[in-house]
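S.K.: Okay, here's the structure, questions in a sec.
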Amino acid sequence: MPTLLDSFQIKGLQLKNRIVMPPMCQYSVTEKDGKPNDWHFSHYTSRAIGGAGLIIMEMTDVDPDGRITDYDLGLWSDDQIPAFKKIIETSQVYGAKVGIQIAHAGRKAEDAAVPVSSSAIQFSGQYKEPRELSTVEVEEMVGKFEAAFKRALNAGVDTIEIHGAHGYLIHQFQSPLTNKRTDKYGEDKSLFGVEIIKAARRVMPEDMPLLFRISAVEYAEGGYDMDYVIELAKRYKEAGVDVFHVSSGGEGESGPASSGPGYQVDLSEGIRKALNVPTIAVGRMEDPKLSDEVIREGKADLVAVGRGMLRNPYWANEASLQLGGDPLTPVPLAAAYSIR
């Protein structure tokens, strides 16, 4: 079986190891223009220097009113491309592959004057009541996603991730808790996600894999379970998803009974086995030995380490050393590992 330190290939994407930096919102776009700045440049390139195989840039929105806050990234304008391109190209110099997570917050867009959603159902008392998108507006939203995918490609990404988890817009459409529509997008709750996936595949190179972040279970009363999400993921796989990044929750204020190390690994394993598709496990995976075991035992193909990489940009390098591998950092730092 492969290990955490082994390379991984899917389609034309070759990763030097199976360590992923997952998307983590920085809320640091001080100009509120959606463009990554010096903070984002340092944030991502330092993890590339630190040895991560794949870096997925944080939730990047297709519309100004699709941001969680006005301090989030966006790709709704061509003017935003160069700042992303600078980060991507520099990270690639250090051997990392880079993707961008494309999204829309829907009813969880805190700074939108009037958020939009699949249905006019408020997330919680601290959020604004959303407006239900018309059928035509939903179709136009698919176009906004497609335009953002094109901009990501122009910025030089190695892959793209669609955010269909954590209670954001795509999740709002795929969940019976939040989708009470009577049109085609209500009759088939996977349709919005399927159309966005097909839009990505229309513009992406054939040999570039498409990732999809999915909440495998909902923790709210009456929320969907693994049986539901497996059928949903089948539709998404048929539409063009190559890898599922498996998380959970986000549609309600409740959470899992336990959120200890590896608490979502069984969800990754369930989807991987049911669909025979590669998965990324995420959720308190900062122990290198645990992450390595997950790969060795075939529970996931890649492991995303969030908090660990926030604390230590060189987490991947330290994990390699702890597991008996070679340093992953560039040659100028080699003296740090010399015994002489």
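Identifiers in this document derive from the order of the structure tokens: chains are assigned A, B, ..., residues are numbered from 1 separately in each chain, and ligands are numbered from 1 in order of occurrence.
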Please provide as a ChimeraX atom specification all residues within 8 Å of segment 291-294 of chain A, with the sequence filter that same-chain residues fewer than 6 positions apart are discarded (counting only C-alpha atoms).
M.R.: /A:3-5,265,285,300,303
S.K.: Set the distance at 10 Å and use only C-alpha atoms: which residues neighbour Tyr337 of chain A once local chain neighbours fewer than 5 positions away are removed? I'd like the list as a PDB file with N, CA, C and O atoms, in the first residue's frame.
M.R.:
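Output (around_0.pdb):
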ATOM      1  N   LEU A 321      10.082  13.900   8.042  1.00  0.00           N
ATOM      2  CA  LEU A 321      11.201  13.531   8.907  1.00  0.00           C
ATOM      3  C   LEU A 321      10.748  12.571  10.003  1.00  0.00           C
ATOM      4  O   LEU A 321      11.429  11.601  10.322  1.00  0.00           O
ATOM      5  N   ASP A 326      12.812  11.913   3.705  1.00  0.00           N
ATOM      6  CA  ASP A 326      13.811  12.951   3.481  1.00  0.00           C
ATOM      7  C   ASP A 326      13.208  14.329   3.757  1.00  0.00           C
ATOM      8  O   ASP A 326      11.986  14.507   3.723  1.00  0.00           O
ATOM      9  N   PRO A 327      14.065  15.333   3.974  1.00  0.00           N
ATOM     10  CA  PRO A 327      13.556  16.699   4.078  1.00  0.00           C
ATOM     11  C   PRO A 327      12.828  17.093   2.782  1.00  0.00           C
ATOM     12  O   PRO A 327      13.243  16.712   1.684  1.00  0.00           O
TER      13      PRO A 327
END
S.K.: Running DSSP on the backbone, which parts of segment 24-112 of chain A land in strand (DSSP E), as a CSV table (one decimal) with N, CA, C and O atoms, in the first residue's frame?
M.R.:
chain,number,residue,atom,x,y,z
A,54,LEU,N,0.0,19.3,-2.5
A,54,LEU,CA,-1.1,20.0,-3.1
A,54,LEU,C,-1.6,21.1,-2.1
A,54,LEU,O,-1.9,20.8,-1.0
A,55,ILE,N,-1.7,22.3,-2.7
A,55,ILE,CA,-2.3,23.4,-1.9
A,55,ILE,C,-3.6,23.8,-2.6
A,55,ILE,O,-3.6,24.1,-3.8
A,56,ILE,N,-4.7,23.9,-1.8
A,56,ILE,CA,-6.0,24.3,-2.4
A,56,ILE,C,-6.2,25.7,-1.8
A,56,ILE,O,-6.5,25.8,-0.5
A,57,MET,N,-6.2,26.7,-2.6
A,57,MET,CA,-6.4,28.1,-2.1
A,57,MET,C,-7.9,28.2,-1.6
A,57,MET,O,-8.8,27.5,-2.0
A,58,GLU,N,-8.0,29.0,-0.6
A,58,GLU,CA,-9.3,29.1,0.2
A,58,GLU,C,-10.5,29.5,-0.7
A,58,GLU,O,-10.3,29.9,-1.8
A,59,MET,N,-11.7,29.3,-0.1
A,59,MET,CA,-12.9,29.6,-0.7
A,59,MET,C,-12.9,30.9,-1.5
A,59,MET,O,-12.7,32.0,-0.9
A,60,THR,N,-13.1,30.8,-2.8
A,60,THR,CA,-13.0,32.0,-3.7
A,60,THR,C,-14.3,32.1,-4.4
A,60,THR,O,-14.7,31.2,-5.1
A,61,ASP,N,-14.9,33.3,-4.3
A,61,ASP,CA,-16.3,33.4,-4.7
A,61,ASP,C,-16.6,33.9,-6.1
A,61,ASP,O,-15.8,34.7,-6.6
A,73,LEU,N,-11.8,36.1,-0.7
A,73,LEU,CA,-11.3,36.1,-2.1
A,73,LEU,C,-12.4,36.0,-3.1
A,73,LEU,O,-13.5,35.5,-2.8
A,74,GLY,N,-12.2,36.5,-4.3
A,74,GLY,CA,-13.2,36.3,-5.4
A,74,GLY,C,-12.5,36.2,-6.8
A,74,GLY,O,-11.4,36.6,-7.0
A,97,LYS,N,1.7,21.6,-6.2
A,97,LYS,CA,0.6,21.8,-7.2
A,97,LYS,C,-0.5,22.6,-6.5
A,97,LYS,O,-0.6,22.6,-5.3
A,98,VAL,N,-1.2,23.5,-7.3
A,98,VAL,CA,-2.1,24.4,-6.7
A,98,VAL,C,-3.5,24.4,-7.3
A,98,VAL,O,-3.6,24.3,-8.5
A,99,GLY,N,-4.5,24.4,-6.5
A,99,GLY,CA,-5.9,24.5,-6.9
A,99,GLY,C,-6.5,25.6,-6.2
A,99,GLY,O,-6.0,26.2,-5.3
A,100,ILE,N,-7.7,26.0,-6.7
A,100,ILE,CA,-8.5,27.0,-6.0
A,100,ILE,C,-9.9,26.4,-5.8
A,100,ILE,O,-10.5,25.8,-6.6
A,101,GLN,N,-10.4,26.7,-4.6
A,101,GLN,CA,-11.8,26.2,-4.3
A,101,GLN,C,-12.8,27.3,-4.7
A,101,GLN,O,-12.8,28.4,-4.1
A,102,ILE,N,-13.7,27.0,-5.6
A,102,ILE,CA,-14.6,28.0,-6.2
A,102,ILE,C,-16.0,27.8,-5.5
A,102,ILE,O,-16.4,26.6,-5.3
A,103,ALA,N,-16.6,28.9,-5.1
A,103,ALA,CA,-17.8,28.7,-4.2
A,103,ALA,C,-18.7,29.9,-4.3
A,103,ALA,O,-18.4,31.0,-4.9
S.K.: Residues within 8 Å of Ala165 of chain A, please, as a PyMOL selection string. Count only C-alpha atoms; anything in the same chain fewer than 5 positions from it doesn't count.
M.R.: chain A and resi 170-171+213-215+247-250
S.K.: Go ahead and dump the residues you just picked, N, CA, C and O atoms, as a PDB file, in the first residue's frame.
M.R.:
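Listing of part22.pdb after writing:
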ATOM      1  N   ILE A 170     -24.181  25.462  -2.907  1.00  0.00           N
ATOM      2  CA  ILE A 170     -24.424  24.163  -3.536  1.00  0.00           C
ATOM      3  C   ILE A 170     -25.009  23.195  -2.518  1.00  0.00           C
ATOM      4  O   ILE A 170     -25.952  22.451  -2.819  1.00  0.00           O
ATOM      5  N   HIS A 171     -24.469  23.215  -1.303  1.00  0.00           N
ATOM      6  CA  HIS A 171     -25.016  22.371  -0.235  1.00  0.00           C
ATOM      7  C   HIS A 171     -26.474  22.731   0.043  1.00  0.00           C
ATOM      8  O   HIS A 171     -27.313  21.853   0.284  1.00  0.00           O
ATOM      9  N   ARG A 213     -15.634  19.273  -2.800  1.00  0.00           N
ATOM     10  CA  ARG A 213     -15.725  19.215  -1.332  1.00  0.00           C
ATOM     11  C   ARG A 213     -17.174  18.924  -0.967  1.00  0.00           C
ATOM     12  O   ARG A 213     -18.090  19.659  -1.372  1.00  0.00           O
ATOM     13  N   ILE A 214     -17.397  17.870  -0.220  1.00  0.00           N
ATOM     14  CA  ILE A 214     -18.762  17.448   0.083  1.00  0.00           C
ATOM     15  C   ILE A 214     -18.924  17.188   1.575  1.00  0.00           C
ATOM     16  O   ILE A 214     -18.010  16.684   2.232  1.00  0.00           O
ATOM     17  N   SER A 215     -20.069  17.597   2.110  1.00  0.00           N
ATOM     18  CA  SER A 215     -20.435  17.224   3.473  1.00  0.00           C
ATOM     19  C   SER A 215     -21.138  15.879   3.418  1.00  0.00           C
ATOM     20  O   SER A 215     -22.238  15.769   2.867  1.00  0.00           O
ATOM     21  N   SER A 247     -15.855  16.042   3.938  1.00  0.00           N
ATOM     22  CA  SER A 247     -16.037  16.713   5.210  1.00  0.00           C
ATOM     23  C   SER A 247     -17.441  16.411   5.711  1.00  0.00           C
ATOM     24  O   SER A 247     -18.055  15.425   5.297  1.00  0.00           O
ATOM     25  N   SER A 248     -17.988  17.272   6.577  1.00  0.00           N
ATOM     26  CA  SER A 248     -19.330  17.024   7.107  1.00  0.00           C
ATOM     27  C   SER A 248     -19.913  18.312   7.677  1.00  0.00           C
ATOM     28  O   SER A 248     -19.194  19.274   7.953  1.00  0.00           O
ATOM     29  N   GLY A 249     -21.234  18.300   7.865  1.00  0.00           N
ATOM     30  CA  GLY A 249     -21.915  19.374   8.565  1.00  0.00           C
ATOM     31  C   GLY A 249     -21.947  20.695   7.839  1.00  0.00           C
ATOM     32  O   GLY A 249     -21.648  20.805   6.649  1.00  0.00           O
ATOM     33  N   GLY A 250     -22.374  21.725   8.577  1.00  0.00           N
ATOM     34  CA  GLY A 250     -22.400  23.082   8.063  1.00  0.00           C
ATOM     35  C   GLY A 250     -23.773  23.633   7.772  1.00  0.00           C
ATOM     36  O   GLY A 250     -23.942  24.832   7.593  1.00  0.00           O
TER      37      GLY A 250
END
S.K.: Find the residues around segment 272-282 of chain A up to 10 Å (only C-alpha atoms counted), leave out those fewer than 6 positions away in its own chain, and share them as a PyMOL selection string.
M.R.: chain A and resi 10+18-22+211-213+227+230-231+233-234+237+241-248+261-266+291+294-295+298-306
